[in-house]
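Below is entry-v9.txt, holding compact mmCIF, C-alpha atoms and all ligand atoms.
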```txt
# COMPACT_ATOMS: atom_id res chain seq x y z
CA MET A 20 -10.77 15.00 10.43
CA LEU A 21 -9.90 11.27 10.08
CA ASP A 22 -6.37 12.29 10.93
CA THR A 23 -7.47 13.60 14.29
CA LEU A 24 -9.48 10.44 15.00
CA TRP A 25 -6.49 8.18 14.31
CA ASN A 26 -4.34 10.33 16.57
CA GLN A 27 -6.90 10.09 19.36
CA VAL A 28 -6.63 6.31 19.45
CA LYS A 29 -2.84 6.39 19.66
CA ILE A 30 -1.50 5.75 23.14
CA ASN A 31 -0.22 9.05 24.41
CA ILE A 32 3.17 8.75 26.04
CA GLU A 33 4.15 12.07 27.57
CA SER A 34 7.87 11.82 27.18
CA ASP A 35 10.57 13.26 24.95
CA THR A 36 12.03 9.80 24.66
CA PRO A 37 10.82 8.03 21.55
CA CYS A 38 8.39 5.22 22.11
CA TRP A 39 10.67 2.58 20.54
CA GLU A 40 13.45 3.48 22.97
CA ILE A 41 11.15 3.18 25.98
CA PHE A 42 9.93 -0.14 24.67
CA HIS A 43 13.40 -1.50 23.91
CA GLU A 44 14.70 -0.52 27.31
CA SER A 45 11.64 -1.92 29.09
CA SER A 46 11.81 -5.21 27.25
CA LYS A 47 15.35 -6.11 28.24
CA THR A 48 15.85 -9.31 30.23
CA GLY A 49 17.12 -8.51 33.72
CA HIS A 50 18.92 -10.75 36.21
CA TYR A 51 16.16 -10.39 38.77
CA ASP A 52 13.11 -10.88 36.59
CA GLY A 53 10.97 -13.71 37.87
CA THR A 54 10.25 -16.62 35.55
CA LEU A 55 7.27 -18.95 35.44
CA THR A 56 7.83 -22.59 36.33
CA ASN A 57 7.36 -25.22 33.64
CA SER A 58 4.10 -26.36 35.18
CA GLN A 59 2.78 -22.77 35.29
CA VAL A 60 3.68 -22.41 31.62
CA VAL A 61 1.95 -25.68 30.75
CA GLU A 62 -1.15 -24.59 32.65
CA VAL A 63 -1.42 -21.28 30.77
CA MET A 64 -0.69 -23.00 27.46
CA SER A 65 -3.48 -25.48 28.04
CA ASN A 66 -5.90 -22.54 27.90
CA LEU A 67 -4.46 -21.09 24.70
CA TYR A 68 -5.06 -22.28 21.16
CA ASP A 69 -1.96 -23.47 19.33
CA VAL A 70 -3.82 -22.46 16.19
CA PHE A 71 -7.25 -20.85 15.89
CA PRO A 72 -9.76 -23.60 15.01
CA TYR A 73 -12.24 -21.60 12.86
CA LYS A 74 -14.39 -24.72 13.23
CA GLN A 75 -17.45 -23.06 11.67
CA PHE A 76 -15.63 -23.07 8.32
CA PRO A 77 -15.05 -26.42 6.63
CA ALA A 78 -11.43 -27.55 6.29
CA ILE A 79 -10.17 -27.71 2.72
CA PRO A 80 -7.37 -30.28 2.77
CA LEU A 81 -4.03 -29.36 1.22
CA PRO A 82 -2.09 -32.00 -0.73
CA GLU A 83 0.33 -34.23 1.18
CA THR A 84 2.91 -33.70 -1.56
CA PHE A 85 5.06 -30.66 -2.23
CA ALA A 86 5.56 -28.92 -5.56
CA PRO A 87 8.72 -30.08 -7.36
CA ILE A 88 11.78 -27.91 -6.73
CA GLU A 89 14.77 -27.96 -9.09
CA CYS A 90 16.71 -25.15 -7.50
CA SER A 91 19.46 -25.71 -4.90
CA PHE A 92 19.35 -24.12 -1.46
CA MET A 93 22.23 -21.79 -2.35
CA GLU A 94 20.48 -20.72 -5.56
CA ALA A 95 17.30 -19.93 -3.61
CA VAL A 96 19.24 -17.78 -1.14
CA ALA A 97 21.21 -15.97 -3.83
CA ASN A 98 18.28 -15.47 -6.24
CA ARG A 99 15.76 -14.01 -3.80
CA VAL A 100 14.93 -10.53 -4.97
CA THR A 101 11.98 -8.16 -4.94
CA PRO A 102 10.56 -8.49 -8.49
CA LYS A 103 10.72 -5.40 -10.68
CA GLU A 104 7.37 -6.18 -12.26
CA ILE A 105 4.51 -7.63 -10.28
CA ALA A 106 2.05 -9.80 -12.21
CA PRO A 107 -0.23 -12.61 -11.07
CA VAL A 108 0.24 -16.24 -12.05
CA LYS A 109 -1.98 -19.24 -11.36
CA LEU A 110 -0.61 -21.37 -8.52
CA SER A 111 -1.12 -25.07 -8.01
CA LEU A 112 -2.38 -26.35 -4.66
CA GLU A 113 0.99 -28.07 -4.23
CA GLN A 114 2.76 -24.72 -4.64
CA LEU A 115 0.42 -23.18 -2.08
CA ARG A 116 1.04 -26.06 0.29
CA THR A 117 4.82 -25.76 -0.17
CA ILE A 118 4.81 -22.03 0.59
CA LEU A 119 2.55 -22.34 3.65
CA PHE A 120 4.41 -25.35 4.99
CA CYS A 121 7.77 -23.60 4.69
CA GLY A 122 6.25 -20.55 6.39
CA TYR A 123 4.72 -22.20 9.44
CA GLY A 124 4.09 -25.91 8.81
CA VAL A 125 4.28 -28.66 11.40
CA THR A 126 7.45 -30.76 11.31
CA ARG A 127 7.16 -32.80 14.54
CA GLU A 128 4.07 -33.79 16.47
CA ASN A 129 5.97 -33.74 19.74
CA LYS A 130 3.35 -35.82 21.56
CA ASP A 131 5.76 -37.56 23.95
CA SER A 132 7.21 -34.42 25.53
CA GLU A 133 6.43 -33.93 29.20
CA TYR A 134 6.15 -30.15 29.02
CA ILE A 135 5.87 -28.98 25.43
CA HIS A 136 2.55 -30.04 24.02
CA ARG A 137 2.69 -27.96 20.90
CA PRO A 138 3.61 -29.55 17.57
CA PHE A 139 6.91 -28.08 16.37
CA ARG A 140 7.09 -26.01 13.19
CA THR A 141 9.45 -25.19 10.34
CA VAL A 142 10.53 -22.05 12.21
CA PRO A 143 12.16 -21.74 15.62
CA SER A 144 9.92 -20.26 18.32
CA GLY A 145 10.82 -18.74 21.71
CA GLY A 146 9.62 -21.33 24.27
CA ALA A 147 7.95 -23.30 21.42
CA LEU A 148 4.92 -21.08 21.99
CA TYR A 149 4.11 -20.37 18.33
CA PRO A 150 2.29 -17.04 18.62
CA LEU A 151 1.67 -16.61 14.87
CA GLU A 152 -1.30 -17.30 12.61
CA LEU A 153 -1.17 -17.25 8.80
CA TYR A 154 -4.00 -15.97 6.62
CA PHE A 155 -3.99 -15.40 2.88
CA TYR A 156 -6.14 -13.77 0.26
CA SER A 157 -6.37 -14.98 -3.30
CA ASN A 158 -8.72 -13.96 -6.06
CA GLU A 159 -9.05 -17.28 -7.90
CA LYS A 160 -5.28 -17.48 -8.44
CA VAL A 161 -4.92 -20.88 -6.78
CA GLU A 162 -6.31 -23.87 -8.64
CA GLY A 163 -9.55 -25.09 -7.09
CA LEU A 164 -9.83 -22.29 -4.50
CA LYS A 165 -12.63 -19.75 -4.65
CA ALA A 166 -11.80 -16.07 -4.28
CA GLY A 167 -11.58 -15.02 -0.66
CA LEU A 168 -9.72 -14.84 2.62
CA TYR A 169 -8.33 -18.09 3.98
CA HIS A 170 -6.84 -19.21 7.28
CA TYR A 171 -4.04 -21.81 7.35
CA SER A 172 -4.24 -24.69 9.76
CA PRO A 173 -0.70 -26.14 9.96
CA VAL A 174 -1.75 -28.92 12.32
CA GLU A 175 -4.39 -30.26 9.96
CA ASN A 176 -2.56 -29.33 6.74
CA SER A 177 -5.68 -27.57 5.56
CA VAL A 178 -7.09 -24.13 4.89
CA GLN A 179 -10.48 -22.64 5.71
CA LEU A 180 -12.30 -20.10 3.58
CA ILE A 181 -13.33 -17.59 6.23
CA ARG A 182 -14.62 -14.81 3.92
CA GLU A 183 -15.65 -15.62 0.39
CA GLY A 184 -15.52 -12.99 -2.34
CA ASN A 185 -13.43 -10.69 -4.45
CA PHE A 186 -11.91 -8.18 -2.00
CA ASP A 187 -9.31 -6.67 -4.34
CA ASN A 188 -10.67 -3.14 -3.85
CA GLU A 189 -10.96 -3.46 -0.07
CA ILE A 190 -7.40 -4.76 0.12
CA ALA A 191 -6.12 -1.98 -2.15
CA GLU A 192 -7.37 0.50 0.46
CA THR A 193 -5.35 -1.22 3.18
CA LEU A 194 -2.10 -0.67 1.26
CA VAL A 195 -0.16 2.58 1.25
CA GLY A 196 -0.87 4.71 -1.79
CA PHE A 197 2.08 3.87 -4.03
CA GLN A 198 1.44 0.12 -3.98
CA THR A 199 -2.31 -0.41 -4.13
CA ASN A 200 -1.56 -2.41 -7.31
CA LEU A 201 -0.36 -5.29 -5.11
CA ALA A 202 -4.01 -6.04 -4.31
CA TYR A 203 -4.66 -6.83 -7.98
CA ASP A 204 -1.29 -8.03 -9.25
CA THR A 205 -0.33 -10.70 -6.73
CA SER A 206 -1.52 -14.30 -6.78
CA LEU A 207 -1.49 -14.57 -3.00
CA LEU A 208 -1.27 -12.03 -0.24
CA ILE A 209 -0.15 -13.64 2.99
CA PHE A 210 -0.91 -11.96 6.32
CA ILE A 211 1.31 -12.99 9.23
CA THR A 212 -0.46 -12.12 12.45
CA ALA A 213 0.57 -12.53 16.08
CA VAL A 214 -1.53 -13.46 19.11
CA PHE A 215 0.79 -11.64 21.48
CA ASN A 216 -0.34 -13.25 24.72
CA ARG A 217 0.81 -16.68 23.51
CA SER A 218 4.34 -15.34 23.96
CA THR A 219 4.02 -12.40 26.39
CA PHE A 220 2.38 -14.43 29.19
CA LYS A 221 5.81 -16.06 29.60
CA TYR A 222 8.33 -13.53 28.29
CA LYS A 223 6.45 -10.27 29.08
CA GLU A 224 7.63 -7.33 26.95
CA LYS A 225 10.39 -9.41 25.38
CA GLY A 226 7.71 -11.83 24.21
CA TYR A 227 6.50 -9.08 21.89
CA ARG A 228 9.95 -8.95 20.32
CA PHE A 229 9.95 -12.75 20.03
CA ALA A 230 6.70 -12.63 18.04
CA LEU A 231 8.30 -10.19 15.61
CA PHE A 232 11.43 -12.35 15.31
CA GLU A 233 9.24 -15.30 14.53
CA ALA A 234 7.41 -13.45 11.78
CA GLY A 235 10.85 -12.78 10.26
CA HIS A 236 11.69 -16.49 10.38
CA ALA A 237 8.37 -17.41 8.76
CA ALA A 238 8.64 -14.68 6.14
CA GLN A 239 12.18 -15.67 5.16
CA ASN A 240 11.07 -19.28 4.70
CA ILE A 241 8.21 -18.03 2.53
CA ASN A 242 10.71 -15.94 0.54
CA LEU A 243 13.02 -18.90 -0.02
CA ALA A 244 10.17 -21.28 -0.86
CA ALA A 245 8.71 -18.89 -3.43
CA THR A 246 12.14 -18.26 -4.96
CA ALA A 247 12.87 -21.98 -5.13
CA LEU A 248 9.52 -22.44 -6.90
CA GLU A 249 10.62 -19.76 -9.39
CA LEU A 250 7.86 -17.46 -8.23
CA GLY A 251 8.20 -13.81 -7.26
CA VAL A 252 7.89 -12.73 -3.63
CA ILE A 253 7.49 -9.29 -2.18
CA ASN A 254 7.70 -8.35 1.48
CA ILE A 255 5.21 -5.72 2.50
CA GLY A 256 5.47 -3.35 5.43
CA GLY A 257 3.61 -0.52 3.73
CA TYR A 258 0.07 -1.25 4.83
CA HIS A 259 -2.42 0.49 7.10
CA ASP A 260 -2.39 -1.79 10.13
CA ARG A 261 -5.85 -0.95 11.41
CA LEU A 262 -7.45 -1.47 8.02
CA VAL A 263 -5.73 -4.80 7.50
CA ASP A 264 -6.78 -6.00 10.96
CA ARG A 265 -10.32 -4.89 10.26
CA PHE A 266 -10.26 -6.82 6.98
CA LEU A 267 -9.11 -9.94 8.86
CA LYS A 268 -11.71 -9.26 11.59
CA ILE A 269 -9.09 -9.37 14.33
CA ASP A 270 -8.96 -6.88 17.20
CA GLY A 271 -5.55 -5.29 16.46
CA LEU A 272 -4.51 -5.28 20.11
CA ASN A 273 -4.35 -8.86 21.36
CA HIS A 274 -4.07 -10.10 17.82
CA SER A 275 -2.63 -7.98 15.04
CA THR A 276 -1.02 -8.22 11.62
CA ILE A 277 2.74 -7.85 11.81
CA TYR A 278 3.91 -8.61 8.28
CA MET A 279 2.63 -9.28 4.79
CA ASN A 280 4.10 -11.17 1.85
CA GLY A 281 2.88 -11.15 -1.73
CA ILE A 282 3.47 -14.02 -4.14
CA CYS A 283 3.48 -13.31 -7.87
CA LYS A 284 4.95 -14.41 -11.19
CA GLY A 285 8.73 -14.87 -11.14
CA ASN A 286 10.67 -12.40 -13.30
C1 LIG O 301 10.24 -5.13 6.70
C2 LIG O 301 10.21 -4.89 5.22
C3 LIG O 301 9.18 -4.16 4.68
C4 LIG O 301 9.11 -3.95 3.30
N1 LIG O 301 8.05 -3.29 2.78
C5 LIG O 301 7.95 -3.12 1.45
C6 LIG O 301 6.81 -2.53 0.89
O1 LIG O 301 5.84 -2.18 1.58
N2 LIG O 301 6.77 -2.37 -0.47
C7 LIG O 301 7.79 -2.77 -1.27
O2 LIG O 301 7.70 -2.59 -2.50
N3 LIG O 301 8.90 -3.37 -0.76
C8 LIG O 301 8.99 -3.57 0.57
N4 LIG O 301 10.08 -4.20 1.10
C9 LIG O 301 11.12 -4.71 0.19
C10 LIG O 301 12.40 -3.87 0.22
O3 LIG O 301 12.19 -2.62 -0.38
C11 LIG O 301 13.50 -4.65 -0.49
O4 LIG O 301 13.67 -5.88 0.18
C12 LIG O 301 14.81 -3.89 -0.51
O5 LIG O 301 14.72 -2.77 -1.36
C13 LIG O 301 15.97 -4.75 -0.99
O6 LIG O 301 15.72 -5.27 -2.28
P1 LIG O 301 15.63 -6.85 -2.59
O7 LIG O 301 14.47 -7.40 -1.80
O8 LIG O 301 15.40 -6.96 -4.06
O9 LIG O 301 16.90 -7.48 -2.14
C14 LIG O 301 10.14 -4.45 2.46
C15 LIG O 301 11.18 -5.19 3.02
C16 LIG O 301 11.21 -5.43 4.37
C17 LIG O 301 12.30 -6.28 4.93
```

Could the structure of this file be written out as C-alpha cells, please?
Ligand SMILES: Cc1cc2nc3c(=O)[nH]c(=O)nc-3n(C[C@H](O)[C@H](O)[C@H](O)COP(=O)(O)O)c2cc1C
Amino acid sequence: MLDTLWNQVKINIESDTPCWEIFHESSKTGHYDGTLTNSQVVEVMSNLYDVFPYKQFPAIPLPETFAPIECSFMEAVANRVTPKEIAPVKLSLEQLRTILFCGYGVTRENKDSEYIHRPFRTVPSGGALYPLELYFYSNEKVEGLKAGLYHYSPVENSVQLIREGNFDNEIAETLVGFQTNLAYDTSLLIFITAVFNRSTFKYKEKGYRFALFEAGHAAQNINLAATALELGVINIGGYHDRLVDRFLKIDGLNHSTIYMNGICKGN
C-alpha cells in the first residue's frame, strides 16, 4: 500500500532511457547556452539567503578556538576509514566547532568585492553561490548542548536549536534497515542539504550537479577533520530521503538532504 503511494509521487518519465542518463545528457554545458550577466546574477543573489537565518531560534555561539589537533595532514588523509564499531563519545564544543568549520565555515568575509557578496567558505563553490545548509542532531553528546536538531550558521559561528528533544527513534526510522543503530550510536548526525535554486538559477541543470559536488567537498572536509581529531566518521547514503526531509521540516524539492555524516568514537 505505502509502496504504491511512494511510486505515485515519483516523476513518471516514459522512456526506456534511464533517468540518470537523461539528466546527465541534459545537464551538459553547450556552446550556445546563454549565460546571465554579472549584474543579473547579483540581482538574483540579493533575493536569496546565503544561509537560512532561523531568527526565531536564539543563536548559541560556538567557541572562537578550534580543538587541538596533533595529527599531520597526511596522517588524516591516510587514516580516514569507516569505523568497524560505532559507539558514541562526548564531544567538546571546540570539536563541534572544528568539524562544522571544516565542513562549511567562513574563511573570508569578501566585503570589498564588486560582484560576489557572499562570504567565502572552506570549500570551493561553483560561482561562490554556496547552495548548502548544514544541520545536525545530537542527543546530549556535545558538552552544553541539549538534545535536539540544530542548524549551523557559518556566518555567525553559531548554532540554533530548531527542534528540542530526543529524536533517536524518529531518526532510526529514516535510516535503511541494516543501520538504524546509527541513530543511537553516533555522537552527531550531520545532514548536508542543498537549496538547489541558489545554484540552478545560474547554472540550470548543471547547477544541480554543482550542489552535489559541493556536498562532497564539505563531507570530505568533515571526514578529515573528524579523523584528525581522532574521532570516527561514517558517510551515510542509506537513508530514506523523504523521511529525513520531513524530520528537518524542509520541502524535499527546492531544498533537500543530499548527504549525511555520522561522528562517533574513533576506533
Ligand atoms: C556516497 C556514500 C554513501 C555511503 N553510504 C553508507 C551507508 O549508508 N552506510 C555505511 O555503513 N557506509 C556507507 N558508506 C561508506 C562506504 O561503505 C565506505 O566508504 C567504503 O566501504 C570504503 O571503506 P572506507 O570508508 O573504510 O575506506 C558510504 C560511502 C559513500 C561515499

Exercise for the section: Write out as a list of chain:residue names which residues come within 8 Å of region 221-233 of chain A when counting all atoms listed in the file, dropping same-chain ones fewer than 5 positions away. Expected result: A:Phe42, A:Ser45, A:Ser46, A:Lys47, A:Thr48, A:Thr54, A:Leu55, A:Val60, A:Val142, A:Pro143, A:Ser144, A:Gly145, A:Pro150, A:Leu151, A:Ala213, A:Phe215, A:Ile277

Handout entry: CA of Ile88 (chain A) to CA of Ser111 (chain A), straight-line distance in Å
Key =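 Going from CA of Ser111 (chain A) over to CA of Ile88 (chain A), I get 13.3 Å.
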
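One distance worth recording is that between CA of Ala191 (chain A) and atom C11 of ligand LIG 301 (chain O), which is 19.9 Å.
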
Would you give me, as a tab-separated table, each residue of chain A having an atom within 8 Å of an atom of ligand LIG 301 (chain O), along with its shortest atom pair and that distance in Å to one decimal, using all atoms listed in the file and sorting by chain and residue number?
```
residue	atom	partner	partner_atom	distance
A:Arg99	CA	O:LIG301	O9	6.8
A:Val100	CA	O:LIG301	O8	3.7
A:Thr101	CA	O:LIG301	O8	3.7
A:Pro102	CA	O:LIG301	O8	6.7
A:Val195	CA	O:LIG301	O1	7.7
A:Gln198	CA	O:LIG301	N2	6.9
A:Ile253	CA	O:LIG301	N3	6.2
A:Asn254	CA	O:LIG301	C14	4.7
A:Ile255	CA	O:LIG301	O1	3.7
A:Gly256	CA	O:LIG301	N1	3.7
A:Gly257	CA	O:LIG301	O1	3.5
A:Tyr258	CA	O:LIG301	O1	6.7
A:Tyr278	CA	O:LIG301	C1	7.4
```

Exercise for the section: Quick one: pull the distance between CA of Lys103 (chain A) and CA of Glu189 (chain A), Å, one decimal. Expected result: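 Value for the CA of Lys103 (chain A)-CA of Glu189 (chain A) distance: 24.2 Å.
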
Exercise for the section: May I have the residues within 12 Å of Val252 (chain A) as a VMD selection string, using all atoms listed in the file and disregarding those fewer than 5 positions away in the same chain? Expected result: chain A and resid 95 98 to 108 118 201 204 to 209 238 to 247 279 to 286

Practice task
Name all residues at most 6 Å from Phe210 (chain A) (count all atoms listed in the file; drop same-chain ones fewer than 4 positions away) and give them as a list in words.
Solution key: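 Skipping anything fewer than 4 positions along the chain leaves Leu153, Tyr154, Phe155 and Met279 of chain A.
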
Problem - Selection near Phe85 (chain A), 12 Å with only C-alpha atoms, sequence-local residues under 4 positions removed, as an NGL selection string - result: :A and (81 or 111-121 or 176 or 244 or 248)

For the residues in that selection, give me C-alpha atoms as a PDB file, in the frame of the given file.
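Done, and the output landed in part_29.pdb:
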```
ATOM      1  CA  LEU A  81      -4.030 -29.360   1.220  1.00  0.00           C
ATOM      2  CA  SER A 111      -1.120 -25.070  -8.010  1.00  0.00           C
ATOM      3  CA  LEU A 112      -2.380 -26.350  -4.660  1.00  0.00           C
ATOM      4  CA  GLU A 113       0.990 -28.070  -4.230  1.00  0.00           C
ATOM      5  CA  GLN A 114       2.760 -24.720  -4.640  1.00  0.00           C
ATOM      6  CA  LEU A 115       0.420 -23.180  -2.080  1.00  0.00           C
ATOM      7  CA  ARG A 116       1.040 -26.060   0.290  1.00  0.00           C
ATOM      8  CA  THR A 117       4.820 -25.760  -0.170  1.00  0.00           C
ATOM      9  CA  ILE A 118       4.810 -22.030   0.590  1.00  0.00           C
ATOM     10  CA  LEU A 119       2.550 -22.340   3.650  1.00  0.00           C
ATOM     11  CA  PHE A 120       4.410 -25.350   4.990  1.00  0.00           C
ATOM     12  CA  CYS A 121       7.770 -23.600   4.690  1.00  0.00           C
ATOM     13  CA  ASN A 176      -2.560 -29.330   6.740  1.00  0.00           C
ATOM     14  CA  ALA A 244      10.170 -21.280  -0.860  1.00  0.00           C
ATOM     15  CA  LEU A 248       9.520 -22.440  -6.900  1.00  0.00           C
TER      16      LEU A 248
END
```

Fill in the blank from the handout: From the list A:Leu148, A:Ile32, A:Leu272, A:Leu194, the nearest residue to Ser65 (chain A) using all atoms listed in the file is A:Leu148

Test item: residues at most 10 Å from His136 (chain A), all atoms listed in the file, excluding those fewer than 2 positions along its chain, as a PDB file with C-alpha atoms, in the coordinates of the input:
```
ATOM      1  CA  VAL A  61       1.950 -25.680  30.750  1.00  0.00           C
ATOM      2  CA  MET A  64      -0.690 -23.000  27.460  1.00  0.00           C
ATOM      3  CA  SER A  65      -3.480 -25.480  28.040  1.00  0.00           C
ATOM      4  CA  ASP A  69      -1.960 -23.470  19.330  1.00  0.00           C
ATOM      5  CA  GLU A 128       4.070 -33.790  16.470  1.00  0.00           C
ATOM      6  CA  ASN A 129       5.970 -33.740  19.740  1.00  0.00           C
ATOM      7  CA  LYS A 130       3.350 -35.820  21.560  1.00  0.00           C
ATOM      8  CA  ASP A 131       5.760 -37.560  23.950  1.00  0.00           C
ATOM      9  CA  SER A 132       7.210 -34.420  25.530  1.00  0.00           C
ATOM     10  CA  GLU A 133       6.430 -33.930  29.200  1.00  0.00           C
ATOM     11  CA  TYR A 134       6.150 -30.150  29.020  1.00  0.00           C
ATOM     12  CA  PRO A 138       3.610 -29.550  17.570  1.00  0.00           C
ATOM     13  CA  PHE A 139       6.910 -28.080  16.370  1.00  0.00           C
ATOM     14  CA  ALA A 147       7.950 -23.300  21.420  1.00  0.00           C
ATOM     15  CA  LEU A 148       4.920 -21.080  21.990  1.00  0.00           C
TER      16      LEU A 148
END
```
